[in-house]
$ cat data-v4.tsv   # TSV, C-alpha atoms
chain	number	residue	atom	x	y	z
A	1	MET	CA	135.04	78.46	103.59
A	2	ASN	CA	134.81	75.78	106.28
A	3	ASP	CA	133.50	78.40	108.72
A	4	VAL	CA	130.79	79.42	106.23
A	5	LEU	CA	129.71	75.82	105.65
A	6	LEU	CA	129.62	75.29	109.41
A	7	SER	CA	127.41	78.37	109.78
A	8	ILE	CA	125.05	77.12	107.06
A	9	TRP	CA	125.02	73.70	108.72
A	10	THR	CA	124.01	75.41	111.97
A	11	LEU	CA	121.07	77.03	110.17
A	12	LEU	CA	120.00	73.60	108.93
A	13	VAL	CA	120.24	72.21	112.47
A	14	TYR	CA	118.04	75.01	113.81
A	15	THR	CA	115.53	74.33	111.02
A	16	ALA	CA	115.58	70.59	111.70
A	17	ILE	CA	114.90	71.27	115.39
A	18	GLY	CA	111.82	73.25	114.37
A	19	VAL	CA	110.62	70.41	112.12
A	20	ALA	CA	111.20	67.87	114.90
A	21	LEU	CA	109.36	69.97	117.48
A	22	ALA	CA	106.34	70.18	115.18
A	23	LYS	CA	106.42	66.53	114.07
A	24	CYS	CA	106.76	65.30	117.68
A	25	ARG	CA	103.95	67.66	118.72
A	26	VAL	CA	106.08	69.41	121.30
A	27	VAL	CA	104.66	72.63	119.86
A	28	ARG	CA	101.44	73.33	117.99
A	29	PRO	CA	101.56	73.29	114.15
A	30	ASP	CA	100.96	77.05	114.13
A	31	ALA	CA	103.65	77.81	116.73
A	32	ASP	CA	105.74	79.40	113.99
A	33	ARG	CA	103.38	82.40	114.06
A	34	GLY	CA	104.15	83.20	117.67
A	35	LEU	CA	107.89	82.66	117.20
A	36	SER	CA	107.89	84.77	114.04
A	37	ARG	CA	106.10	87.61	115.81
A	38	ILE	CA	108.72	87.57	118.59
A	39	VAL	CA	111.42	87.85	115.93
A	40	PHE	CA	109.56	90.50	113.93
A	41	PHE	CA	108.67	92.77	116.86
A	42	VAL	CA	111.56	92.18	119.29
A	43	THR	CA	114.76	90.38	118.31
A	44	MET	CA	115.07	91.40	114.66
A	45	PRO	CA	114.62	95.15	115.36
A	46	ALA	CA	117.35	94.82	118.01
A	47	LEU	CA	119.66	93.14	115.51
A	48	LEU	CA	118.97	95.64	112.74
A	49	MET	CA	119.40	98.65	115.00
A	50	ARG	CA	122.69	97.28	116.31
A	51	THR	CA	123.86	96.49	112.78
A	52	VAL	CA	123.11	99.93	111.33
A	53	ASP	CA	124.24	101.76	114.46
A	54	THR	CA	127.75	100.28	114.22
A	55	ALA	CA	128.02	99.99	110.42
A	56	HIS	CA	129.90	102.14	107.96
A	57	LEU	CA	127.05	103.81	106.06
A	58	ALA	CA	128.91	103.21	102.80
A	59	ASP	CA	128.29	99.48	103.44
A	60	VAL	CA	124.55	100.09	103.91
A	61	PHE	CA	124.06	102.33	100.85
A	62	SER	CA	126.50	100.48	98.61
A	63	ARG	CA	126.82	99.49	94.99
A	64	GLY	CA	125.68	96.07	96.13
A	65	LEU	CA	122.37	97.61	97.19
A	66	ILE	CA	122.06	99.21	93.75
A	67	ALA	CA	122.56	95.79	92.15
A	68	ASN	CA	119.90	94.21	94.36
A	69	ILE	CA	117.41	97.05	93.75
A	70	LEU	CA	117.86	96.90	89.98
A	71	THR	CA	117.46	93.12	90.07
A	72	ALA	CA	114.18	93.40	92.00
A	73	LEU	CA	112.79	95.95	89.54
A	74	ILE	CA	113.79	93.81	86.55
A	75	LEU	CA	112.19	90.70	88.06
A	76	LEU	CA	109.02	92.65	88.81
A	77	GLY	CA	108.78	93.91	85.25
A	78	LEU	CA	109.55	90.52	83.67
A	79	TYR	CA	106.89	88.70	85.68
A	80	TYR	CA	104.33	91.33	84.75
A	81	ALA	CA	105.29	90.89	81.10
A	82	ILE	CA	104.80	87.11	81.07
A	83	GLY	CA	102.24	86.69	83.86
A	84	GLY	CA	99.32	86.94	81.46
A	85	LYS	CA	100.43	83.71	79.79
A	86	PHE	CA	99.82	81.86	83.06
A	87	GLY	CA	96.15	82.78	83.00
A	88	LEU	CA	96.48	85.02	86.03
A	89	SER	CA	94.15	87.90	86.80
A	90	GLY	CA	95.56	91.39	87.30
A	91	PRO	CA	95.76	91.11	91.11
A	92	GLU	CA	97.23	87.61	90.87
A	93	ARG	CA	99.86	88.85	88.46
A	94	THR	CA	100.81	91.59	90.93
A	95	VAL	CA	101.09	89.08	93.77
A	96	GLY	CA	103.09	86.65	91.60
A	97	ALA	CA	105.48	89.41	90.53
A	98	MET	CA	105.95	90.44	94.15
A	99	ALA	CA	106.65	86.80	95.08
A	100	GLY	CA	109.54	86.88	92.64
A	101	ALA	CA	110.91	90.27	93.71
A	102	TYR	CA	109.95	90.85	97.39
A	103	THR	CA	112.39	88.98	99.63
A	104	ASN	CA	112.53	87.81	103.21
A	105	ALA	CA	115.37	90.24	103.92
A	106	GLY	CA	114.32	90.90	107.50
A	107	ASN	CA	113.99	87.31	108.68
A	108	VAL	CA	115.72	84.39	106.96
A	109	GLY	CA	117.81	86.79	104.90
A	110	ILE	CA	119.57	88.10	108.00
A	111	ALA	CA	120.46	84.54	109.01
A	112	TYR	CA	121.87	83.88	105.53
A	113	LEU	CA	124.03	87.01	105.63
A	114	LEU	CA	125.35	86.31	109.12
A	115	ALA	CA	126.23	82.76	108.11
A	116	THR	CA	128.11	83.72	104.93
A	117	VAL	CA	129.23	87.35	105.17
A	118	GLY	CA	129.44	87.61	108.95
A	119	GLN	CA	127.27	90.72	109.18
A	120	ALA	CA	123.71	91.71	108.22
A	121	THR	CA	124.49	95.23	106.96
A	122	ALA	CA	123.32	94.47	103.41
A	123	ALA	CA	119.85	93.59	104.69
A	124	ALA	CA	119.24	97.09	106.06
A	125	GLY	CA	119.25	98.85	102.69
A	126	VAL	CA	117.16	96.11	101.11
A	127	ILE	CA	114.56	96.39	103.87
A	128	MET	CA	114.34	100.16	103.36
A	129	PHE	CA	113.86	99.74	99.61
A	130	GLN	CA	111.21	97.06	100.01
A	131	VAL	CA	109.19	98.88	102.67
A	132	LEU	CA	109.47	102.31	101.05
A	133	VAL	CA	109.06	101.24	97.40
A	134	LEU	CA	107.89	97.66	96.78
A	135	VAL	CA	105.18	97.44	99.45
A	136	PRO	CA	103.53	100.80	98.58
A	137	PHE	CA	103.70	99.76	94.91
A	138	ALA	CA	101.88	96.52	95.71
A	139	PHE	CA	99.22	98.39	97.69
A	140	PHE	CA	98.73	100.89	94.86
A	141	MET	CA	98.40	98.22	92.16
A	142	LEU	CA	96.14	95.94	94.18
A	143	ASP	CA	93.91	98.84	95.24
A	144	LYS	CA	93.59	99.82	91.59
A	145	GLN	CA	93.06	96.27	90.30
A	146	THR	CA	90.54	95.24	92.96
A	147	GLY	CA	88.69	98.56	93.12
A	148	SER	CA	89.52	99.21	96.77
A	149	ALA	CA	89.07	102.70	98.14
A	150	GLY	CA	91.96	105.14	97.74
A	151	ALA	CA	91.90	106.02	101.44
A	152	GLY	CA	92.60	102.37	102.16
A	153	PHE	CA	95.85	102.63	100.25
A	154	MET	CA	97.02	105.58	102.33
A	155	VAL	CA	96.19	103.82	105.58
A	156	ARG	CA	97.95	100.61	104.55
A	157	ALA	CA	100.97	102.47	103.16
A	158	GLY	CA	101.24	104.37	106.44
A	159	HIS	CA	101.00	101.10	108.34
A	160	ALA	CA	103.84	99.66	106.24
A	161	LEU	CA	106.04	102.63	107.12
A	162	MET	CA	105.48	101.96	110.83
A	163	GLN	CA	106.76	98.37	110.74
A	164	PRO	CA	109.46	97.52	113.34
A	165	PRO	CA	112.15	96.50	110.78
A	166	LEU	CA	112.05	99.88	109.06
A	167	LEU	CA	111.79	101.84	112.32
A	168	SER	CA	114.77	99.97	113.76
A	169	VAL	CA	116.86	100.66	110.64
A	170	LEU	CA	115.96	104.36	110.77
A	171	THR	CA	116.71	104.50	114.51
A	172	GLY	CA	120.09	102.87	114.00
A	173	LEU	CA	120.78	105.25	111.12
A	174	ALA	CA	119.95	108.27	113.29
A	175	ILE	CA	122.22	107.07	116.10
A	176	ASN	CA	125.01	106.37	113.62
A	177	LEU	CA	124.79	109.84	112.08
A	178	SER	CA	124.62	111.55	115.47
A	179	GLY	CA	127.79	109.89	116.68
A	180	TRP	CA	126.08	109.14	119.99
A	181	HIS	CA	127.13	105.97	121.83
A	182	LEU	CA	124.37	104.15	123.69
A	183	PRO	CA	125.11	103.28	127.34
A	184	ARG	CA	125.93	99.67	128.18
A	185	ALA	CA	122.71	99.40	130.18
A	186	VAL	CA	120.98	99.67	126.78
A	187	THR	CA	123.43	97.87	124.49
A	188	VAL	CA	123.84	94.71	126.59
A	189	PRO	CA	120.15	93.67	126.51
A	190	ILE	CA	119.93	94.77	122.86
A	191	ASP	CA	122.89	92.53	122.02
A	192	ALA	CA	121.33	89.60	123.88
A	193	LEU	CA	118.06	89.99	122.01
A	194	ALA	CA	119.87	90.42	118.69
A	195	ASP	CA	121.85	87.20	119.23
A	196	ALA	CA	118.59	85.27	119.72
A	197	THR	CA	117.26	86.28	116.30
A	198	VAL	CA	118.77	83.60	114.09
A	199	PRO	CA	118.03	80.51	116.25
A	200	VAL	CA	114.42	81.54	116.94
A	201	MET	CA	113.88	82.55	113.32
A	202	MET	CA	115.17	79.30	111.84
A	203	ILE	CA	113.29	77.16	114.38
A	204	ALA	CA	110.11	79.01	113.37
A	205	MET	CA	110.91	78.29	109.73
A	206	GLY	CA	111.31	74.58	110.57
A	207	VAL	CA	107.95	74.49	112.36
A	208	SER	CA	106.37	76.11	109.30
A	209	LEU	CA	107.97	73.67	106.85
A	210	ALA	CA	106.83	70.67	108.92
A	211	SER	CA	103.21	71.18	107.90
A	212	ALA	CA	103.78	72.68	104.45
A	213	LYS	CA	102.08	71.13	101.46
A	214	LEU	CA	102.55	72.15	97.84
A	215	ARG	CA	99.91	71.97	95.14
A	216	ARG	CA	100.34	70.02	91.91
A	217	GLY	CA	99.03	70.42	88.37
A	218	LYS	CA	98.59	73.46	86.15
A	219	GLU	CA	98.25	75.77	89.14
A	220	THR	CA	101.93	75.20	89.93
A	221	VAL	CA	103.16	77.02	86.79
A	222	PRO	CA	102.88	80.55	88.28
A	223	VAL	CA	104.45	79.23	91.51
A	224	VAL	CA	107.37	77.66	89.66
A	225	ALA	CA	107.85	80.91	87.73
A	226	SER	CA	107.89	83.00	90.93
A	227	VAL	CA	110.31	80.63	92.66
A	228	GLY	CA	112.49	80.40	89.55
A	229	PHE	CA	112.63	84.18	89.38
A	230	ARG	CA	113.45	84.39	93.11
A	231	VAL	CA	116.27	81.84	93.45
A	232	LEU	CA	117.52	81.15	89.91
A	233	LEU	CA	117.04	84.19	87.68
A	234	SER	CA	117.70	86.66	90.49
A	235	PRO	CA	121.34	85.62	91.13
A	236	ILE	CA	122.07	85.60	87.38
A	237	ILE	CA	120.78	89.14	86.92
A	238	THR	CA	122.48	90.31	90.11
A	239	PHE	CA	125.81	88.89	88.99
A	240	VAL	CA	125.62	90.62	85.61
A	241	ILE	CA	124.78	93.97	87.24
A	242	ALA	CA	127.42	93.45	89.95
A	243	MET	CA	130.09	92.88	87.31
A	244	ALA	CA	128.99	96.03	85.49
A	245	LEU	CA	129.28	97.97	88.76
A	246	GLY	CA	132.69	96.50	89.51
A	247	LEU	CA	131.70	94.72	92.72
A	248	GLN	CA	134.16	92.32	94.29
A	249	GLY	CA	135.06	90.71	97.59
A	250	THR	CA	132.62	91.01	100.48
A	251	GLN	CA	130.30	93.41	98.63
A	252	LEU	CA	129.92	90.94	95.76
A	253	LEU	CA	129.31	88.05	98.16
A	254	ALA	CA	126.68	90.05	100.11
A	255	ALA	CA	124.87	91.08	96.93
A	256	MET	CA	124.80	87.48	95.70
A	257	VAL	CA	123.55	86.17	99.04
A	258	VAL	CA	120.76	88.77	99.00
A	259	SER	CA	119.86	87.59	95.48
A	260	VAL	CA	118.88	84.12	96.77
A	261	PHE	CA	116.75	85.25	99.71
A	262	PRO	CA	113.39	83.41	99.73
A	263	THR	CA	110.04	85.13	99.15
A	264	ALA	CA	108.90	87.44	101.97
A	265	ASN	CA	106.44	86.01	104.48
A	266	ASN	CA	104.77	89.42	104.76
A	267	LEU	CA	103.44	89.03	101.22
A	268	PHE	CA	101.06	86.34	102.47
A	269	ALA	CA	99.27	88.93	104.63
A	270	ILE	CA	98.99	91.32	101.68
A	271	ALA	CA	97.55	88.57	99.46
A	272	HIS	CA	95.02	87.71	102.19
A	273	ARG	CA	93.99	91.34	102.54
A	274	TYR	CA	93.08	91.57	98.85
A	275	GLU	CA	92.00	87.91	98.49
A	276	ALA	CA	94.30	87.55	95.49
A	277	GLY	CA	96.90	84.85	94.87
A	278	VAL	CA	96.85	83.56	98.44
A	279	ALA	CA	97.69	79.96	97.47
A	280	LEU	CA	100.30	81.19	94.99
A	281	VAL	CA	102.13	83.18	97.67
A	282	ARG	CA	101.87	80.39	100.25
A	283	ASP	CA	103.38	77.81	97.89
A	284	ALA	CA	106.00	80.23	96.55
A	285	GLY	CA	107.07	81.04	100.11
A	286	VAL	CA	107.50	77.37	101.02
A	287	ALA	CA	109.20	76.36	97.76
A	288	SER	CA	111.55	79.35	97.69
A	289	ALA	CA	112.56	78.71	101.31
A	290	LEU	CA	113.46	75.12	100.45
A	291	ALA	CA	115.24	76.06	97.22
A	292	SER	CA	117.16	78.97	98.72
A	293	MET	CA	119.19	76.75	101.07
A	294	PRO	CA	121.09	74.82	98.37
A	295	MET	CA	121.41	78.03	96.35
A	296	LEU	CA	123.01	79.69	99.38
A	297	VAL	CA	125.58	76.90	99.56
A	298	ILE	CA	126.33	77.29	95.84
A	299	VAL	CA	126.71	81.07	96.13
A	300	ALA	CA	128.97	80.73	99.16
A	301	ALA	CA	131.11	78.12	97.39
A	302	ILE	CA	131.57	80.35	94.32
A	303	PHE	CA	131.94	83.81	95.82
A	304	TYR	CA	133.37	83.34	99.32
A	305	GLY	CA	136.97	84.48	99.67

$ encode --input "data-v4.tsv" --output "structure tokens"
Amino acid sequence: MNDVLLSIWTLLVYTAIGVALAKCRVVRPDADRGLSRIVFFVTMPALLMRTVDTAHLADVFSRGLIANILTALILLGLYYAIGGKFGLSGPERTVGAMAGAYTNAGNVGIAYLLATVGQATAAAGVIMFQVLVLVPFAFFMLDKQTGSAGAGFMVRAGHALMQPPLLSVLTGLAINLSGWHLPRAVTVPIDALADATVPVMMIAMGVSLASAKLRRGKETVPVVASVGFRVLLSPIITFVIAMALGLQGTQLLAAMVVSVFPTANNLFAIAHRYEAGVALVRDAGVASALASMPMLVIVAAIFYG
């Protein structure tokens, strides 16, 4: 447990460095965008490909993944059911529901898994589910609710399927199934890039948090609901499902860590595209990132070992 707490402490140090860099104006306030793009397009794909390439596929497509998928679908449905009471429009309800169900599995989530479980295998299956199911669902609903052209949905869905995280998972899966071993001339630079993912990612998160501001008043109710779904209700539902599936040990820990991932940053781009719930997603992303840290410590304390 001491090793896990030390790993989480290291994440906090990386984040604090990012905050300090922004506050001291060593980097621009929007420097997190450039850092995040490096992670998204370079280091994270390297990490995911390496993870899936060397993983036992039973750990990727596990009962823990089933628990996390069912949890996401339940959260999505529940938010849709109560979202009307918040005075949200149809598109805003879709965005709010996605904020509660669509997680940052490819960025911060990987750091959380490495710190607690020691490997990011659980993130691979979650990323596949989110890119293949949740994102196309969001495009379909928002196209329908905003009256966008059907062709637009196909183009955006195709774009989602070409994202580096998914392509890297599929590449790693193909290499794993083929039994082919990559030469060291390839694996050594991939390993170096993969190892840079967590520090760069958490520093970017710190830079982002340094300039974050949350709204107050009635408009915070949908945000609080999304964040509550993401970091409070999600682990409760996941635990119930995990118990029903008989999960224990590392699989249970991984599923519970996944359940407290913060809201996905990518959702902000989707909200901007449809001009729906932009402020809601921005605030939910910030608040869930802040709330997920203490929840990660609680989950690790309860389920580690």

$ atom_distance --input "data-v4.tsv" --atom1 "atom CA of Thr197 of chain A" --atom2 "atom CA of Pro165 of chain A"
12.7 Å

$ residues_around --input "data-v4.tsv" --residues "segment 47-59 of chain A" --least-positions-apart "3" --cutoff "10 Å" --atoms "all atoms listed in the file" --output "PDB file with C-alpha atoms, keeping the file's coordinate frame"
ATOM      1  CA  VAL A  39     111.420  87.850 115.930  1.00  0.00           C
ATOM      2  CA  VAL A  42     111.560  92.180 119.290  1.00  0.00           C
ATOM      3  CA  THR A  43     114.760  90.380 118.310  1.00  0.00           C
ATOM      4  CA  MET A  44     115.070  91.400 114.660  1.00  0.00           C
ATOM      5  CA  SER A  62     126.500 100.480  98.610  1.00  0.00           C
ATOM      6  CA  ARG A  63     126.820  99.490  94.990  1.00  0.00           C
ATOM      7  CA  GLY A  64     125.680  96.070  96.130  1.00  0.00           C
ATOM      8  CA  LEU A  65     122.370  97.610  97.190  1.00  0.00           C
ATOM      9  CA  GLY A 106     114.320  90.900 107.500  1.00  0.00           C
ATOM     10  CA  ILE A 110     119.570  88.100 108.000  1.00  0.00           C
ATOM     11  CA  GLN A 119     127.270  90.720 109.180  1.00  0.00           C
ATOM     12  CA  ALA A 120     123.710  91.710 108.220  1.00  0.00           C
ATOM     13  CA  THR A 121     124.490  95.230 106.960  1.00  0.00           C
ATOM     14  CA  ALA A 122     123.320  94.470 103.410  1.00  0.00           C
ATOM     15  CA  ALA A 123     119.850  93.590 104.690  1.00  0.00           C
ATOM     16  CA  ALA A 124     119.240  97.090 106.060  1.00  0.00           C
ATOM     17  CA  GLY A 125     119.250  98.850 102.690  1.00  0.00           C
ATOM     18  CA  ILE A 127     114.560  96.390 103.870  1.00  0.00           C
ATOM     19  CA  PRO A 164     109.460  97.520 113.340  1.00  0.00           C
ATOM     20  CA  PRO A 165     112.150  96.500 110.780  1.00  0.00           C
ATOM     21  CA  LEU A 166     112.050  99.880 109.060  1.00  0.00           C
ATOM     22  CA  LEU A 167     111.790 101.840 112.320  1.00  0.00           C
ATOM     23  CA  SER A 168     114.770  99.970 113.760  1.00  0.00           C
ATOM     24  CA  VAL A 169     116.860 100.660 110.640  1.00  0.00           C
ATOM     25  CA  LEU A 170     115.960 104.360 110.770  1.00  0.00           C
ATOM     26  CA  THR A 171     116.710 104.500 114.510  1.00  0.00           C
ATOM     27  CA  GLY A 172     120.090 102.870 114.000  1.00  0.00           C
ATOM     28  CA  LEU A 173     120.780 105.250 111.120  1.00  0.00           C
ATOM     29  CA  ALA A 174     119.950 108.270 113.290  1.00  0.00           C
ATOM     30  CA  ILE A 175     122.220 107.070 116.100  1.00  0.00           C
ATOM     31  CA  ASN A 176     125.010 106.370 113.620  1.00  0.00           C
ATOM     32  CA  LEU A 177     124.790 109.840 112.080  1.00  0.00           C
ATOM     33  CA  SER A 178     124.620 111.550 115.470  1.00  0.00           C
ATOM     34  CA  GLY A 179     127.790 109.890 116.680  1.00  0.00           C
ATOM     35  CA  TRP A 180     126.080 109.140 119.990  1.00  0.00           C
ATOM     36  CA  HIS A 181     127.130 105.970 121.830  1.00  0.00           C
ATOM     37  CA  LEU A 182     124.370 104.150 123.690  1.00  0.00           C
ATOM     38  CA  THR A 187     123.430  97.870 124.490  1.00  0.00           C
ATOM     39  CA  ILE A 190     119.930  94.770 122.860  1.00  0.00           C
ATOM     40  CA  ASP A 191     122.890  92.530 122.020  1.00  0.00           C
ATOM     41  CA  ALA A 192     121.330  89.600 123.880  1.00  0.00           C
ATOM     42  CA  LEU A 193     118.060  89.990 122.010  1.00  0.00           C
ATOM     43  CA  ALA A 194     119.870  90.420 118.690  1.00  0.00           C
ATOM     44  CA  ASP A 195     121.850  87.200 119.230  1.00  0.00           C
ATOM     45  CA  ALA A 196     118.590  85.270 119.720  1.00  0.00           C
ATOM     46  CA  THR A 197     117.260  86.280 116.300  1.00  0.00           C
ATOM     47  CA  VAL A 198     118.770  83.600 114.090  1.00  0.00           C
ATOM     48  CA  THR A 250     132.620  91.010 100.480  1.00  0.00           C
ATOM     49  CA  GLN A 251     130.300  93.410  98.630  1.00  0.00           C
TER      50      GLN A 251
END

$ closest_residue --input "data-v4.tsv" --among "A:Val131, A:Met162, A:Ala225, A:Val188" --to "Leu76 of chain A" --atoms "all atoms listed in the file"
A:Ala225

$ closest_atom_pairs --input "data-v4.tsv" --of "segment 200-234 of chain A" --to "segment 10-30 of chain A" --cutoff "7 Å" --atoms "only C-alpha atoms" --output "JSON lines"
{"residue": "A:Met202", "atom": "CA", "partner": "A:Thr15", "partner_atom": "CA", "distance": 5.1}
{"residue": "A:Ile203", "atom": "CA", "partner": "A:Gly18", "partner_atom": "CA", "distance": 4.2}
{"residue": "A:Ala204", "atom": "CA", "partner": "A:Gly18", "partner_atom": "CA", "distance": 6.1}
{"residue": "A:Met205", "atom": "CA", "partner": "A:Thr15", "partner_atom": "CA", "distance": 6.2}
{"residue": "A:Gly206", "atom": "CA", "partner": "A:Gly18", "partner_atom": "CA", "distance": 4.1}
{"residue": "A:Val207", "atom": "CA", "partner": "A:Gly18", "partner_atom": "CA", "distance": 4.5}
{"residue": "A:Leu209", "atom": "CA", "partner": "A:Val19", "partner_atom": "CA", "distance": 6.7}
{"residue": "A:Ala210", "atom": "CA", "partner": "A:Val19", "partner_atom": "CA", "distance": 5.0}
{"residue": "A:Ser211", "atom": "CA", "partner": "A:Pro29", "partner_atom": "CA", "distance": 6.8}

$ closest_residue --input "data-v4.tsv" --among "A:Tyr79, A:Trp9, A:Phe229, A:Phe140" --to "Ala291 of chain A" --atoms "all atoms listed in the file"
A:Phe229

$ atom_distance --input "data-v4.tsv" --atom1 "atom CA of Val286 of chain A" --atom2 "atom CA of Thr263 of chain A"
8.4 Å

$ atom_distance --input "data-v4.tsv" --atom1 "atom CA of Ser7 of chain A" --atom2 "atom CA of Tyr304 of chain A"
13.0 Å

$ closest_atom_pairs --input "data-v4.tsv" --of "segment 185-241 of chain A" --to "segment 82-92 of chain A" --cutoff "12 Å" --atoms "all atoms listed in the file" --output "Markdown table"
| residue | atom | partner | partner_atom | distance |
| --- | --- | --- | --- | --- |
| A:Lys218 | CA | A:Phe86 | CA | 9.0 |
| A:Glu219 | CA | A:Phe86 | CA | 8.7 |
| A:Thr220 | CA | A:Phe86 | CA | 9.8 |
| A:Val221 | CA | A:Phe86 | CA | 7.0 |
| A:Pro222 | CA | A:Phe86 | CA | 6.2 |
| A:Val223 | CA | A:Phe86 | CA | 10.0 |
| A:Val224 | CA | A:Phe86 | CA | 10.9 |
| A:Ala225 | CA | A:Gly83 | CA | 8.9 |
| A:Ser226 | CA | A:Gly83 | CA | 9.8 |
| A:Phe229 | CA | A:Ile82 | CA | 11.8 |

$ closest_residue --input "data-v4.tsv" --among "A:Ile270, A:Met243, A:Val4, A:Ala301" --to "Tyr102 of chain A" --atoms "all atoms listed in the file"
A:Ile270

$ residues_near_point --input "data-v4.tsv" --point "(118.7, 83.2, 101.2)" --cutoff "10 Å" --atoms "all atoms listed in the file" --output "ChimeraX atom specification"
/A:103-105,107-113,230-231,256-263,288-297,299

$ build_atoms --input "data-v4.tsv" --residues "segment 51-72 of chain A" --atoms "N, CA and C atoms" --output "mmCIF file, keeping the file's coordinate frame"
data_model
loop_
_atom_site.group_PDB
_atom_site.id
_atom_site.type_symbol
_atom_site.label_atom_id
_atom_site.label_comp_id
_atom_site.auth_asym_id
_atom_site.auth_seq_id
_atom_site.Cartn_x
_atom_site.Cartn_y
_atom_site.Cartn_z
ATOM 1 N N THR A 51 123.087 96.606 114.016
ATOM 2 C CA THR A 51 123.860 96.490 112.780
ATOM 3 C C THR A 51 124.085 97.858 112.140
ATOM 4 N N VAL A 52 123.006 98.629 111.993
ATOM 5 C CA VAL A 52 123.110 99.930 111.330
ATOM 6 C C VAL A 52 123.829 100.940 112.215
ATOM 7 N N ASP A 53 123.610 100.842 113.516
ATOM 8 C CA ASP A 53 124.240 101.760 114.460
ATOM 9 C C ASP A 53 125.768 101.688 114.379
ATOM 10 N N THR A 54 126.295 100.476 114.206
ATOM 11 C CA THR A 54 127.750 100.280 114.220
ATOM 12 C C THR A 54 128.359 100.151 112.832
ATOM 13 N N ALA A 55 127.537 100.235 111.781
ATOM 14 C CA ALA A 55 128.020 99.990 110.420
ATOM 15 C C ALA A 55 128.602 101.250 109.795
ATOM 16 N N HIS A 56 129.487 101.048 108.824
ATOM 17 C CA HIS A 56 129.900 102.140 107.960
ATOM 18 C C HIS A 56 128.753 102.355 106.963
ATOM 19 N N LEU A 57 128.228 103.566 106.896
ATOM 20 C CA LEU A 57 127.050 103.810 106.060
ATOM 21 C C LEU A 57 127.311 103.515 104.592
ATOM 22 N N ALA A 58 128.577 103.562 104.186
ATOM 23 C CA ALA A 58 128.910 103.210 102.800
ATOM 24 C C ALA A 58 128.618 101.735 102.532
ATOM 25 N N ASP A 59 128.620 100.904 103.599
ATOM 26 C CA ASP A 59 128.290 99.480 103.440
ATOM 27 C C ASP A 59 126.784 99.270 103.363
ATOM 28 N N VAL A 60 126.018 100.191 103.965
ATOM 29 C CA VAL A 60 124.550 100.090 103.910
ATOM 30 C C VAL A 60 124.049 100.563 102.546
ATOM 31 N N PHE A 61 124.489 101.764 102.137
ATOM 32 C CA PHE A 61 124.060 102.330 100.850
ATOM 33 C C PHE A 61 125.195 102.123 99.839
ATOM 34 N N SER A 62 125.362 100.886 99.433
ATOM 35 C CA SER A 62 126.500 100.480 98.610
ATOM 36 C C SER A 62 126.098 100.190 97.177
ATOM 37 N N ARG A 63 127.096 99.922 96.369
ATOM 38 C CA ARG A 63 126.820 99.490 94.990
ATOM 39 C C ARG A 63 126.119 98.130 94.980
ATOM 40 N N GLY A 64 126.383 97.341 96.022
ATOM 41 C CA GLY A 64 125.680 96.070 96.130
ATOM 42 C C GLY A 64 124.187 96.271 96.279
ATOM 43 N N LEU A 65 123.788 97.290 97.047
ATOM 44 C CA LEU A 65 122.370 97.610 97.190
ATOM 45 C C LEU A 65 121.772 98.026 95.851
ATOM 46 N N ILE A 66 122.525 98.805 95.083
ATOM 47 C CA ILE A 66 122.060 99.210 93.750
ATOM 48 C C ILE A 66 121.800 97.985 92.884
ATOM 49 N N ALA A 67 122.723 97.012 92.928
ATOM 50 C CA ALA A 67 122.560 95.790 92.150
ATOM 51 C C ALA A 67 121.311 95.032 92.562
ATOM 52 N N ASN A 68 121.075 94.933 93.879
ATOM 53 C CA ASN A 68 119.900 94.210 94.360
ATOM 54 C C ASN A 68 118.596 94.934 94.036
ATOM 55 N N ILE A 69 118.605 96.272 94.095
ATOM 56 C CA ILE A 69 117.410 97.050 93.750
ATOM 57 C C ILE A 69 117.080 96.900 92.266
ATOM 58 N N LEU A 70 118.085 97.039 91.422
ATOM 59 C CA LEU A 70 117.860 96.900 89.980
ATOM 60 C C LEU A 70 117.366 95.500 89.644
ATOM 61 N N THR A 71 117.908 94.498 90.302
ATOM 62 C CA THR A 71 117.460 93.120 90.070
ATOM 63 C C THR A 71 115.986 92.971 90.427
ATOM 64 N N ALA A 72 115.582 93.502 91.578
ATOM 65 C CA ALA A 72 114.180 93.400 92.000
ATOM 66 C C ALA A 72 113.254 94.072 91.005
#
